[in-house]
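Just upload-v3.cif here, mmCIF, C-alpha atoms and all ligand atoms:
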data_work
loop_
_atom_site.label_atom_id
_atom_site.label_comp_id
_atom_site.auth_asym_id
_atom_site.auth_seq_id
_atom_site.Cartn_x
_atom_site.Cartn_y
_atom_site.Cartn_z
CA MET Y 956 -57.48 46.72 4.72
CA ILE Y 957 -59.39 43.44 4.48
CA LEU Y 958 -57.59 40.74 2.49
CA ASP Y 959 -59.45 39.02 -0.34
CA CYS Y 960 -57.73 35.83 0.77
CA ALA Y 961 -55.39 34.85 3.58
CA ILE Y 962 -53.27 31.79 2.87
CA ILE Y 963 -51.90 30.02 5.94
CA GLY Y 964 -48.81 27.92 5.24
CA GLY Y 965 -46.25 28.30 2.48
CA GLY Y 966 -45.68 24.70 1.41
CA PRO Y 967 -46.59 23.38 -2.07
CA ALA Y 968 -50.32 23.77 -1.28
CA GLY Y 969 -50.11 27.35 0.02
CA LEU Y 970 -47.72 28.55 -2.67
CA THR Y 971 -49.86 27.12 -5.47
CA ALA Y 972 -52.95 28.70 -3.90
CA GLY Y 973 -50.98 31.97 -3.88
CA LEU Y 974 -50.11 31.62 -7.56
CA TYR Y 975 -53.65 30.82 -8.69
CA THR Y 976 -55.46 33.42 -6.54
CA THR Y 977 -53.22 36.30 -7.62
CA ARG Y 978 -52.87 35.27 -11.24
CA GLY Y 979 -56.65 34.71 -11.26
CA GLY Y 980 -57.29 38.35 -10.42
CA LEU Y 981 -57.49 38.67 -6.62
CA GLU Y 982 -55.56 41.76 -5.60
CA ASN Y 983 -55.10 41.51 -1.86
CA VAL Y 984 -53.71 38.10 -1.02
CA THR Y 985 -51.16 37.44 1.71
CA MET Y 986 -49.47 34.14 2.48
CA PHE Y 987 -48.57 33.70 6.15
CA GLU Y 988 -45.65 31.30 6.61
CA LYS Y 989 -43.83 30.87 9.88
CA GLY Y 990 -40.53 29.81 8.29
CA MET Y 991 -39.02 29.93 4.84
CA PRO Y 992 -41.57 29.12 2.13
CA GLY Y 993 -41.25 25.65 0.59
CA GLY Y 994 -42.72 23.32 3.20
CA GLN Y 995 -41.53 19.96 4.45
CA ILE Y 996 -40.20 18.77 1.08
CA THR Y 997 -37.26 21.15 1.58
CA ASN Y 998 -36.02 18.52 4.09
CA SER Y 999 -35.72 15.92 1.36
CA SER Y 1000 -32.35 15.35 -0.24
CA GLU Y 1001 -33.81 14.07 -3.51
CA ILE Y 1002 -37.19 14.25 -5.22
CA GLU Y 1003 -37.78 12.10 -8.27
CA ASN Y 1004 -41.56 12.06 -8.65
CA TYR Y 1005 -42.51 15.64 -9.38
CA PRO Y 1006 -43.79 15.49 -12.97
CA GLY Y 1007 -41.56 17.10 -15.54
CA VAL Y 1008 -38.61 17.56 -13.21
CA THR Y 1009 -35.86 15.16 -14.23
CA GLY Y 1010 -32.35 14.69 -12.98
CA GLU Y 1011 -31.08 14.87 -9.44
CA ILE Y 1012 -32.81 17.65 -7.56
CA THR Y 1013 -33.16 18.36 -3.85
CA GLY Y 1014 -36.46 19.38 -2.28
CA MET Y 1015 -34.93 22.79 -1.62
CA ASP Y 1016 -33.98 23.22 -5.30
CA LEU Y 1017 -37.45 22.15 -6.40
CA MET Y 1018 -39.18 24.71 -4.18
CA MET Y 1019 -36.77 27.63 -4.64
CA PRO Y 1020 -38.52 29.26 -7.65
CA TRP Y 1021 -42.09 28.86 -6.32
CA PRO Y 1022 -42.25 31.99 -4.09
CA GLU Y 1023 -40.67 34.16 -6.79
CA GLN Y 1024 -43.24 32.99 -9.33
CA CYS Y 1025 -46.11 33.92 -6.95
CA GLN Y 1026 -44.65 37.28 -6.05
CA LYS Y 1027 -44.49 38.16 -9.76
CA PHE Y 1028 -48.30 38.08 -9.77
CA GLY Y 1029 -48.63 40.10 -6.57
CA LEU Y 1030 -48.71 37.58 -3.72
CA LYS Y 1031 -47.58 39.17 -0.48
CA HIS Y 1032 -45.69 37.10 2.05
CA GLU Y 1033 -45.50 37.62 5.79
CA MET Y 1034 -43.13 35.50 7.87
CA VAL Y 1035 -45.14 34.92 11.03
CA ASN Y 1036 -46.60 32.05 13.02
CA ILE Y 1037 -50.40 32.06 12.92
CA ILE Y 1038 -51.87 30.96 16.19
CA LYS Y 1039 -55.58 31.05 15.36
CA VAL Y 1040 -58.09 31.57 12.56
CA SER Y 1041 -61.57 32.65 13.69
CA LYS Y 1042 -64.73 33.79 11.89
CA SER Y 1043 -67.40 36.31 12.84
CA GLY Y 1044 -70.23 36.95 10.35
CA ASP Y 1045 -68.66 36.84 6.89
CA LEU Y 1046 -65.22 37.92 8.09
CA PHE Y 1047 -62.26 35.78 9.09
CA THR Y 1048 -59.65 37.03 11.55
CA ILE Y 1049 -56.07 35.80 11.38
CA HIS Y 1050 -54.40 35.94 14.79
CA LYS Y 1051 -50.63 36.29 14.59
CA GLU Y 1052 -48.10 35.24 17.21
CA ASP Y 1053 -46.92 38.85 17.58
CA GLY Y 1054 -50.37 39.77 18.94
CA THR Y 1055 -51.64 41.57 15.83
CA THR Y 1056 -54.58 40.46 13.67
CA GLN Y 1057 -55.56 40.62 10.01
CA ASP Y 1058 -59.09 40.32 8.61
CA ALA Y 1059 -59.86 38.42 5.40
CA HIS Y 1060 -62.89 37.54 3.27
CA SER Y 1061 -61.61 34.00 2.67
CA VAL Y 1062 -58.94 31.62 3.97
CA ILE Y 1063 -56.99 28.81 2.35
CA ILE Y 1064 -55.19 26.78 4.98
CA GLY Y 1065 -52.35 24.40 4.14
CA THR Y 1066 -50.30 23.97 7.29
CA GLY Y 1067 -49.34 20.40 6.45
CA SER Y 1068 -48.61 17.49 8.72
CA ARG Y 1069 -45.63 16.10 10.48
CA PRO Y 1070 -44.74 12.40 10.64
CA ARG Y 1071 -44.37 11.38 14.26
CA ARG Y 1072 -40.81 10.70 15.32
CA VAL Y 1073 -40.09 7.38 17.03
CA GLY Y 1074 -37.52 8.79 19.45
CA PHE Y 1075 -34.41 6.60 19.01
CA THR Y 1076 -30.81 7.78 19.06
CA GLY Y 1077 -29.62 9.18 15.71
CA GLU Y 1078 -33.14 9.52 14.26
CA ASP Y 1079 -33.05 13.33 13.97
CA GLU Y 1080 -29.40 13.54 12.92
CA LEU Y 1081 -29.83 11.00 10.08
CA PHE Y 1082 -33.31 12.15 9.00
CA GLY Y 1083 -33.20 12.67 5.22
CA LYS Y 1084 -29.85 10.82 5.09
CA GLY Y 1085 -31.22 7.29 5.23
CA VAL Y 1086 -33.95 7.74 7.80
CA SER Y 1087 -37.19 8.45 5.95
CA THR Y 1088 -40.93 8.67 6.52
CA CYS Y 1089 -41.92 8.32 2.87
CA ALA Y 1090 -41.55 5.04 0.95
CA THR Y 1091 -43.15 6.42 -2.23
CA CYS Y 1092 -40.56 9.20 -2.21
CA ASP Y 1093 -37.39 7.42 -1.10
CA GLY Y 1094 -37.97 3.69 -1.64
CA PHE Y 1095 -36.42 3.70 -5.09
CA PHE Y 1096 -33.06 4.83 -3.67
CA TYR Y 1097 -32.83 1.38 -2.01
CA LYS Y 1098 -33.61 -0.69 -5.11
CA GLY Y 1099 -32.05 -4.12 -4.63
CA LYS Y 1100 -30.88 -3.26 -1.11
CA GLU Y 1101 -32.08 -4.17 2.39
CA VAL Y 1102 -34.13 -1.75 4.50
CA VAL Y 1103 -35.76 -1.64 7.92
CA VAL Y 1104 -39.36 -0.52 8.48
CA ILE Y 1105 -40.50 0.57 11.97
CA GLY Y 1106 -44.18 0.41 13.01
CA GLY Y 1107 -47.11 -1.98 13.25
CA GLY Y 1108 -50.09 -0.08 11.83
CA ASP Y 1109 -51.66 -0.11 8.37
CA THR Y 1110 -49.16 2.41 7.02
CA ALA Y 1111 -46.09 0.49 8.17
CA LEU Y 1112 -47.37 -2.82 6.78
CA GLU Y 1113 -48.58 -1.36 3.49
CA GLU Y 1114 -45.31 0.52 3.02
CA ALA Y 1115 -43.34 -2.61 3.91
CA LEU Y 1116 -45.23 -4.45 1.14
CA TYR Y 1117 -44.49 -1.58 -1.26
CA LEU Y 1118 -40.78 -1.61 -0.34
CA ALA Y 1119 -40.60 -5.41 -0.64
CA LYS Y 1120 -41.26 -5.03 -4.38
CA ILE Y 1121 -38.27 -2.71 -4.78
CA CYS Y 1122 -35.81 -3.86 -2.11
CA SER Y 1123 -34.04 -7.20 -1.74
CA LYS Y 1124 -35.25 -7.55 1.86
CA VAL Y 1125 -37.41 -5.65 4.35
CA TYR Y 1126 -37.02 -6.08 8.12
CA LEU Y 1127 -40.33 -5.07 9.72
CA VAL Y 1128 -39.71 -4.09 13.33
CA HIS Y 1129 -42.72 -3.73 15.65
CA ARG Y 1130 -42.73 -3.10 19.38
CA ARG Y 1131 -45.54 -5.57 20.26
CA ASP Y 1132 -46.37 -9.17 19.30
CA THR Y 1133 -49.50 -8.24 17.32
CA PHE Y 1134 -50.05 -5.76 14.56
CA ARG Y 1135 -52.63 -2.98 14.60
CA SER Y 1136 -53.15 -3.43 10.85
CA ALA Y 1137 -56.05 -5.04 8.90
CA PRO Y 1138 -55.88 -8.87 9.05
CA ASN Y 1139 -55.57 -9.32 5.28
CA THR Y 1140 -52.62 -6.90 5.23
CA VAL Y 1141 -50.96 -8.88 8.03
CA GLU Y 1142 -51.55 -12.05 6.02
CA ARG Y 1143 -49.98 -10.50 2.92
CA VAL Y 1144 -46.95 -9.44 4.96
CA ASN Y 1145 -46.58 -12.91 6.44
CA ASN Y 1146 -46.81 -14.43 2.95
CA THR Y 1147 -44.16 -12.15 1.48
CA GLU Y 1148 -40.89 -14.04 1.34
CA ASN Y 1149 -38.52 -11.10 1.53
CA ILE Y 1150 -40.17 -9.50 4.59
CA GLU Y 1151 -38.71 -10.62 7.92
CA VAL Y 1152 -40.96 -9.68 10.83
CA ILE Y 1153 -39.14 -8.77 14.06
CA LEU Y 1154 -41.71 -8.52 16.88
CA ASN Y 1155 -41.46 -7.28 20.48
CA SER Y 1156 -38.58 -5.06 19.39
CA SER Y 1157 -37.94 -1.34 19.24
CA PRO Y 1158 -35.22 0.66 17.54
CA ASP Y 1159 -32.46 1.62 19.92
CA GLU Y 1160 -29.96 3.47 17.75
CA VAL Y 1161 -29.43 4.24 14.08
CA TYR Y 1162 -25.88 4.91 13.02
CA GLY Y 1163 -24.03 5.92 9.90
CA ASP Y 1164 -21.17 7.80 8.27
CA ALA Y 1165 -20.81 10.93 6.16
CA MET Y 1166 -22.80 9.24 3.35
CA GLY Y 1167 -25.76 8.42 5.62
CA VAL Y 1168 -27.24 5.44 7.46
CA THR Y 1169 -25.21 2.23 7.61
CA GLY Y 1170 -27.19 0.29 10.21
CA ILE Y 1171 -29.61 0.12 13.10
CA LYS Y 1172 -29.64 -1.61 16.48
CA VAL Y 1173 -33.00 -2.96 17.64
CA LYS Y 1174 -33.65 -4.14 21.19
CA ASN Y 1175 -36.14 -6.88 22.08
CA LYS Y 1176 -38.17 -7.03 25.29
CA ASP Y 1177 -35.48 -9.16 26.96
CA GLY Y 1178 -32.97 -6.39 26.31
CA GLU Y 1179 -31.11 -8.30 23.57
CA ILE Y 1180 -29.69 -6.14 20.81
CA ARG Y 1181 -29.76 -7.13 17.14
CA ASP Y 1182 -27.51 -5.14 14.83
CA ILE Y 1183 -28.87 -4.90 11.26
CA SER Y 1184 -26.67 -3.44 8.50
CA VAL Y 1185 -28.92 -1.42 6.17
CA PRO Y 1186 -28.63 1.86 4.26
CA GLY Y 1187 -32.31 2.78 4.79
CA VAL Y 1188 -34.67 2.97 7.77
CA PHE Y 1189 -38.34 3.87 7.23
CA THR Y 1190 -40.43 4.93 10.22
CA PHE Y 1191 -44.25 4.83 10.11
CA VAL Y 1192 -45.54 5.41 13.61
CA GLY Y 1193 -48.42 7.74 12.76
CA ASN Y 1194 -48.84 11.34 11.58
CA ASP Y 1195 -49.89 14.51 13.31
CA VAL Y 1196 -51.81 17.10 11.29
CA ASN Y 1197 -50.86 20.72 11.97
CA ASN Y 1198 -54.39 21.79 12.88
CA GLN Y 1199 -53.68 23.98 15.93
CA THR Y 1200 -54.63 27.22 14.15
CA LEU Y 1201 -58.21 25.98 13.75
CA ILE Y 1202 -58.74 25.50 17.50
CA GLN Y 1203 -61.10 28.11 18.96
CA GLU Y 1204 -61.18 29.63 22.44
CA ASP Y 1205 -63.62 26.97 23.76
CA GLY Y 1206 -61.39 24.15 22.50
CA SER Y 1207 -63.61 23.26 19.52
CA PHE Y 1208 -62.40 23.37 15.91
CA LEU Y 1209 -63.54 26.11 13.53
CA CYS Y 1210 -64.72 23.48 11.03
CA ASP Y 1211 -65.58 19.78 10.91
CA MET Y 1212 -62.60 17.48 11.46
CA SER Y 1213 -62.03 13.72 11.18
CA GLN Y 1214 -61.27 11.63 14.26
CA GLN Y 1215 -57.60 11.74 13.25
CA GLY Y 1216 -57.65 15.57 13.35
CA GLU Y 1217 -57.66 16.09 9.58
CA VAL Y 1218 -59.86 18.76 8.04
CA ILE Y 1219 -62.94 17.33 6.30
CA VAL Y 1220 -63.25 18.76 2.77
CA ASP Y 1221 -65.23 17.99 -0.38
CA ILE Y 1222 -63.59 17.58 -3.78
CA SER Y 1223 -63.45 21.40 -4.09
CA MET Y 1224 -61.42 21.64 -0.85
CA LYS Y 1225 -64.43 23.34 0.81
CA THR Y 1226 -64.67 22.84 4.55
CA SER Y 1227 -67.90 23.00 6.58
CA ILE Y 1228 -67.35 26.79 6.97
CA ALA Y 1229 -68.16 29.06 4.01
CA GLY Y 1230 -65.02 30.75 2.68
CA LEU Y 1231 -62.60 28.35 4.43
CA TYR Y 1232 -60.70 25.85 2.26
CA ALA Y 1233 -58.20 23.24 3.44
CA THR Y 1234 -55.44 21.82 1.24
CA GLY Y 1235 -52.51 19.43 1.12
CA ASP Y 1236 -51.39 17.03 3.83
CA MET Y 1237 -53.83 18.41 6.43
CA ARG Y 1238 -57.03 17.41 4.65
CA ILE Y 1239 -58.80 14.04 4.79
CA ALA Y 1240 -57.56 11.29 2.47
CA ALA Y 1241 -54.50 13.30 1.43
CA PRO Y 1242 -52.05 11.33 -0.74
CA LYS Y 1243 -49.31 13.31 1.04
CA GLN Y 1244 -47.36 14.19 -2.09
CA VAL Y 1245 -46.06 17.51 -3.42
CA VAL Y 1246 -47.99 17.19 -6.67
CA SER Y 1247 -51.32 16.53 -4.92
CA ALA Y 1248 -50.77 19.34 -2.39
CA ALA Y 1249 -50.10 21.72 -5.29
CA GLY Y 1250 -53.24 20.44 -7.03
CA ASP Y 1251 -55.31 21.11 -3.91
CA GLY Y 1252 -53.95 24.66 -3.77
CA ALA Y 1253 -55.05 25.32 -7.34
CA VAL Y 1254 -58.52 23.82 -6.75
CA ALA Y 1255 -59.05 25.88 -3.59
CA ALA Y 1256 -57.82 29.08 -5.25
CA LEU Y 1257 -60.30 28.74 -8.13
CA GLN Y 1258 -63.10 28.25 -5.57
CA VAL Y 1259 -61.96 31.28 -3.59
CA ILE Y 1260 -62.01 33.52 -6.67
CA SER Y 1261 -65.73 32.69 -7.24
CA TYR Y 1262 -66.54 32.88 -3.51
CA VAL Y 1263 -65.03 36.36 -3.04
CA ASP Y 1264 -66.64 37.58 -6.26
CA GLU Y 1265 -70.09 36.47 -5.07
CA LEU Y 1266 -69.52 37.83 -1.56
CA LEU Y 1267 -68.46 41.30 -2.66
CA ASN Y 1268 -70.62 41.83 -5.76
P1 LIG L 1301 -46.15 21.31 4.06
O1 LIG L 1301 -45.16 21.03 3.02
O2 LIG L 1301 -46.04 20.61 5.37
O3 LIG L 1301 -46.17 22.88 4.29
C1 LIG L 1301 -46.89 23.46 5.33
C2 LIG L 1301 -46.25 24.81 5.64
O4 LIG L 1301 -47.06 25.45 6.61
C3 LIG L 1301 -44.84 24.69 6.25
O5 LIG L 1301 -43.95 25.48 5.50
C4 LIG L 1301 -45.00 25.21 7.68
O6 LIG L 1301 -43.87 25.95 8.12
C5 LIG L 1301 -46.22 26.13 7.54
N1 LIG L 1301 -46.96 26.26 8.78
C6 LIG L 1301 -47.40 25.27 9.60
N2 LIG L 1301 -48.07 25.79 10.63
C7 LIG L 1301 -48.06 27.15 10.46
C8 LIG L 1301 -48.57 28.23 11.22
N3 LIG L 1301 -49.25 28.02 12.35
N4 LIG L 1301 -48.36 29.51 10.80
C9 LIG L 1301 -47.67 29.73 9.64
N5 LIG L 1301 -47.14 28.74 8.90
C10 LIG L 1301 -47.35 27.46 9.28
N6 LIG L 1301 -43.65 14.17 -1.56
C11 LIG L 1301 -43.44 13.88 -2.87
O7 LIG L 1301 -44.33 14.11 -3.70
N7 LIG L 1301 -42.25 13.37 -3.30
C12 LIG L 1301 -41.21 13.14 -2.49
O8 LIG L 1301 -40.14 12.67 -2.92
C13 LIG L 1301 -41.38 13.46 -1.11
N8 LIG L 1301 -40.36 13.27 -0.25
C14 LIG L 1301 -40.52 13.61 1.06
C15 LIG L 1301 -39.43 13.47 1.89
C16 LIG L 1301 -39.54 13.86 3.20
C17 LIG L 1301 -38.32 13.73 4.09
C18 LIG L 1301 -40.76 14.36 3.70
C19 LIG L 1301 -40.89 14.80 5.15
C20 LIG L 1301 -41.87 14.48 2.88
C21 LIG L 1301 -41.76 14.11 1.54
N9 LIG L 1301 -42.83 14.22 0.66
C22 LIG L 1301 -42.65 13.96 -0.66
C23 LIG L 1301 -44.17 14.67 1.11
C24 LIG L 1301 -44.38 16.18 0.80
O9 LIG L 1301 -43.32 16.92 1.34
C25 LIG L 1301 -45.71 16.67 1.40
O10 LIG L 1301 -46.78 15.86 0.95
C26 LIG L 1301 -46.00 18.11 0.97
O11 LIG L 1301 -44.93 18.95 1.35
C27 LIG L 1301 -47.28 18.63 1.60
O12 LIG L 1301 -47.45 19.97 1.27
P2 LIG L 1301 -48.34 20.95 2.15
O13 LIG L 1301 -48.26 22.27 1.48
O14 LIG L 1301 -49.66 20.35 2.40
O15 LIG L 1301 -47.65 21.00 3.58
P1 LIG L 1302 -51.26 3.94 13.64
O1 LIG L 1302 -52.42 3.10 13.27
O2 LIG L 1302 -51.39 4.91 14.76
O3 LIG L 1302 -50.06 2.94 13.94
C1 LIG L 1302 -48.85 3.42 14.42
C2 LIG L 1302 -47.97 2.23 14.70
O4 LIG L 1302 -46.72 2.72 15.13
C3 LIG L 1302 -48.52 1.30 15.78
O5 LIG L 1302 -48.28 -0.03 15.43
C4 LIG L 1302 -47.71 1.71 17.01
O6 LIG L 1302 -47.46 0.63 17.88
C5 LIG L 1302 -46.40 2.13 16.39
N1 LIG L 1302 -45.73 3.14 17.19
C6 LIG L 1302 -46.22 4.33 17.61
N2 LIG L 1302 -45.28 5.01 18.29
C7 LIG L 1302 -44.18 4.20 18.33
C8 LIG L 1302 -42.90 4.33 18.91
N3 LIG L 1302 -42.54 5.43 19.57
N4 LIG L 1302 -42.02 3.32 18.75
C9 LIG L 1302 -42.34 2.20 18.06
N5 LIG L 1302 -43.56 2.02 17.48
C10 LIG L 1302 -44.46 3.01 17.62
O7 LIG L 1302 -50.74 4.82 12.39
P2 LIG L 1302 -50.83 4.52 10.82
O8 LIG L 1302 -50.41 3.14 10.53
O9 LIG L 1302 -50.13 5.64 10.16
O10 LIG L 1302 -52.40 4.64 10.52
C11 LIG L 1302 -53.12 5.83 10.86
C12 LIG L 1302 -54.60 5.63 10.54
O11 LIG L 1302 -54.77 5.54 9.13
C13 LIG L 1302 -55.15 4.34 11.12
O12 LIG L 1302 -56.49 4.55 11.47
C14 LIG L 1302 -55.06 3.38 9.98
O13 LIG L 1302 -55.99 2.32 10.07
C15 LIG L 1302 -55.37 4.30 8.80
N6 LIG L 1302 -54.80 3.76 7.59
C16 LIG L 1302 -55.61 2.96 6.84
C17 LIG L 1302 -55.14 2.40 5.71
C18 LIG L 1302 -56.05 1.54 4.93
O14 LIG L 1302 -57.21 1.48 5.27
N7 LIG L 1302 -55.59 0.87 3.88
C19 LIG L 1302 -53.82 2.62 5.30
C20 LIG L 1302 -53.00 3.42 6.10
C21 LIG L 1302 -53.50 3.98 7.25
P3 LIG L 1302 -48.64 -0.03 18.77
O15 LIG L 1302 -49.42 -0.88 17.81
O16 LIG L 1302 -47.91 -0.80 19.80
O17 LIG L 1302 -49.42 1.13 19.33
#

Could you express the structure from this file as structure tokens?
Amino acid sequence: MILDCAIIGGGPAGLTAGLYTTRGGLENVTMFEKGMPGGQITNSSEIENYPGVTGEITGMDLMMPWPEQCQKFGLKHEMVNIIKVSKSGDLFTIHKEDGTTQDAHSVIIGTGSRPRRVGFTGEDELFGKGVSTCATCDGFFYKGKEVVVIGGGDTALEEALYLAKICSKVYLVHRRDTFRSAPNTVERVNNTENIEVILNSSPDEVYGDAMGVTGIKVKNKDGEIRDISVPGVFTFVGNDVNNQTLIQEDGSFLCDMSQQGEVIVDISMKTSIAGLYATGDMRIAAPKQVVSAAGDGAVAALQVISYVDELLN
């Protein structure tokens, strides 16, 4: 059987695409997710900015009902890692890790992105417990408190400026003596009183207790250690888009990509390949938020319904 639509990835983008395609009348839709549905937000201990959801809620709690809602309208779910998506004529082929394949008339991909890890001691253990990669999401938890930001690119500096409005003090730790960021952003950072720039220094170890992070040790190029007591450490050392499934046998991508490896889409989430839509964190200019990923999924699903209708009728 050929699927009307194959959805790759079961985060907020993929699940919303699943809801809208099935509820919108497509009968054969399968979502391929390599782990439990829910996506990367299930790693977050608190989410406060999903509209309409008030009170303390974990990312896991937020995402729990989403698969059930989709399945009610007929979305099928297969737990498998997809290694490649290819296209021949009008037909897409989904290549699964177990060696089997599945053909589909259309594909919505939403395999997300992963913030790069810095690689210091305690980073993984305290991730989500004081170590964060999202200031918009977690900054508010440190209102009036001191935090450390790691990185020297546009993201780190812009997020440091954002955090400086909420927190009492931001220590900006960068491994070199010059920033990679736009000059006017550097100027704004240097003119912000409650940002202390710590150059030529890298994080050595983050430590904490049962409640989470309590401090971080940073080492300068002379090997001197500075111990900073903070409850929050934000790392912004770049992002990697999960785009591996779009790589073809000859090493090229199935569709047009940006230099950073994000999928280029228009405002309808259409890629350069007919019938292929990209959503959520993996597309260009993604706000990297649950609400926007879900929005992308809905937009792509509505496009897919028209595309499949035109293709088959
Ligand atoms: P993802 O959530 O990354 O989902 C992609 C899914 O695809 C994953 O489930 C993955 O397993 C699956 N997948 C990947 N590759 C394959 C493959 N080859 N085969 C099959 N499946 C595959 N946003 C907010 O709005 N508010 C917050 O408070 C907030 N807090 C955050 C806290 C943390 C710690 C993190 C990491 C992120 C946070 N975010 C927050 C950002 C938010 O989680 C993302 O923007 C959002 O999850 C993106 O959704 P997505 O569907 O595009 O991708
Ligand atoms: P980035 O430009 O790649 O910068 C990553 C930063 O992290 C660099 O300063 C790098 O140090 C540092 N870093 C990397 N690995 C590290 C490690 N292991 N330990 C310590 N530091 C480490 O990433 P980004 O800031 O996320 O930006 C990504 C792209 O988006 C860039 O092209 C950026 O210009 C763009 N962007 C633009 C805007 C804007 O236009 N307003 C906003 C955000 C992002 P080094 O400098 O020493 O390499």

### Task
Just the residues within 12 Å of Y:Glu1148, please, counting all atoms listed in the file, with nothing from its chain fewer than 6 positions along; format it as a ChimeraX atom specification.
/Y:1115-1116,1119-1120,1122-1126,1142

### Y:Val1245 environment, 8 Å, all atoms listed in the file, sequence neighbours closer than 5 positions dropped, as a list in words
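Everything that qualifies: Pro967, Ala968, Ile996 and Tyr1005 of chain Y.
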
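For Y:Cys1092, the list of residues within 10 Å, based on only C-alpha atoms and with local chain neighbours fewer than 5 positions off taken out, reads Ser999, Glu1001, Ile1002, Glu1003, Asn1004, Tyr1005, Ser1087 and Gln1244 of chain Y.
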
### Task
Point out the residue among Y:Met1224, Y:Ile1219, Y:Ile1183, Y:Ala1111 with the least atom-to-atom distance to Y:Val1161, counting only C-alpha atoms.
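Of Y:Met1224, Y:Ile1219, Y:Ile1183, Y:Ala1111, the one nearest Y:Val1161 is Y:Ile1183, counting only C-alpha atoms.
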
#### Entry: Env. residues ligand LIG 1302 (chain L) / 10 Å / all atoms listed in the file / as a ChimeraX atom specification
/Y:1070-1075,1105-1114,1128-1137,1140,1155-1159,1190-1195,1214-1215,1240

### Of the listed residues Y:Asp1058, Y:Glu1078, Y:Asp1093, Y:Glu1011, that which approaches ligand LIG 1301 (chain L) most closely, counting only C-alpha atoms and all ligand atoms
Y:Asp1093

Let me see if you get this right: every residue at most 6 Å from ligand LIG 1301 (chain L), counting all atoms listed in the file, written as a short mmCIF file (atom, residue, chain, number, x, y, z; two decimals) with C-alpha atoms, in the coordinates of the input.
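The resulting part-v6.cif:
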data_model
loop_
_atom_site.label_atom_id
_atom_site.label_comp_id
_atom_site.auth_asym_id
_atom_site.auth_seq_id
_atom_site.Cartn_x
_atom_site.Cartn_y
_atom_site.Cartn_z
CA ILE Y 963 -51.90 30.02 5.94
CA GLY Y 964 -48.81 27.92 5.24
CA GLY Y 965 -46.25 28.30 2.48
CA GLY Y 966 -45.68 24.70 1.41
CA PRO Y 967 -46.59 23.38 -2.07
CA ALA Y 968 -50.32 23.77 -1.28
CA GLY Y 969 -50.11 27.35 0.02
CA PHE Y 987 -48.57 33.70 6.15
CA GLU Y 988 -45.65 31.30 6.61
CA LYS Y 989 -43.83 30.87 9.88
CA GLY Y 990 -40.53 29.81 8.29
CA PRO Y 992 -41.57 29.12 2.13
CA GLY Y 993 -41.25 25.65 0.59
CA GLY Y 994 -42.72 23.32 3.20
CA GLN Y 995 -41.53 19.96 4.45
CA ILE Y 996 -40.20 18.77 1.08
CA ASN Y 998 -36.02 18.52 4.09
CA SER Y 999 -35.72 15.92 1.36
CA ILE Y 1002 -37.19 14.25 -5.22
CA GLU Y 1003 -37.78 12.10 -8.27
CA ASN Y 1004 -41.56 12.06 -8.65
CA VAL Y 1035 -45.14 34.92 11.03
CA ASN Y 1036 -46.60 32.05 13.02
CA ILE Y 1037 -50.40 32.06 12.92
CA ILE Y 1038 -51.87 30.96 16.19
CA GLY Y 1065 -52.35 24.40 4.14
CA THR Y 1066 -50.30 23.97 7.29
CA GLY Y 1067 -49.34 20.40 6.45
CA SER Y 1068 -48.61 17.49 8.72
CA GLY Y 1083 -33.20 12.67 5.22
CA SER Y 1087 -37.19 8.45 5.95
CA CYS Y 1089 -41.92 8.32 2.87
CA CYS Y 1092 -40.56 9.20 -2.21
CA ASN Y 1197 -50.86 20.72 11.97
CA THR Y 1200 -54.63 27.22 14.15
CA GLY Y 1235 -52.51 19.43 1.12
CA ASP Y 1236 -51.39 17.03 3.83
CA LYS Y 1243 -49.31 13.31 1.04
CA GLN Y 1244 -47.36 14.19 -2.09
CA VAL Y 1245 -46.06 17.51 -3.42
CA VAL Y 1246 -47.99 17.19 -6.67
CA ALA Y 1248 -50.77 19.34 -2.39
#

### Test item: residues at most 7 Å from Y:Lys1039, all atoms listed in the file, excluding those fewer than 3 positions along its chain, as an MDAnalysis selection string
chainID Y and resid 1049:1050 1200:1202

### Message
So, with all atoms listed in the file as the atoms that count, which of Y:Ile1239, Y:Leu1127, Y:Val1086, Y:Met1212 lies closest to Y:Gly1163?
### Response
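Selected residue with least distance to Y:Gly1163: Y:Val1086.
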
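For the choices Y:Ala1249, Y:Cys1025, Y:Leu981, Y:Leu1118, the atom-to-atom distance to Y:Pro1006 is smallest for Y:Ala1249 when using only C-alpha atoms.
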
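Interatomic distance, atom CA of Y:Ile1064 to atom CA of Y:Met991: 16.5 Å.
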
### Message
I'd like the neighbourhood of Y:Gly1085 as a list in words, where a residue qualifies if any of its atoms comes within 6 Å (using all atoms listed in the file), though same-chain residues fewer than 4 positions away should be ignored.
### Response
Gly1167, Val1168 and Gly1187 of chain Y

### Query
What is the distance, in Å and to one decimal place, between atom CA of Y:Cys1210 and atom CA of Y:Arg1238?
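Atom-to-atom, atom CA of Y:Cys1210 to atom CA of Y:Arg1238, that is 11.7 Å.
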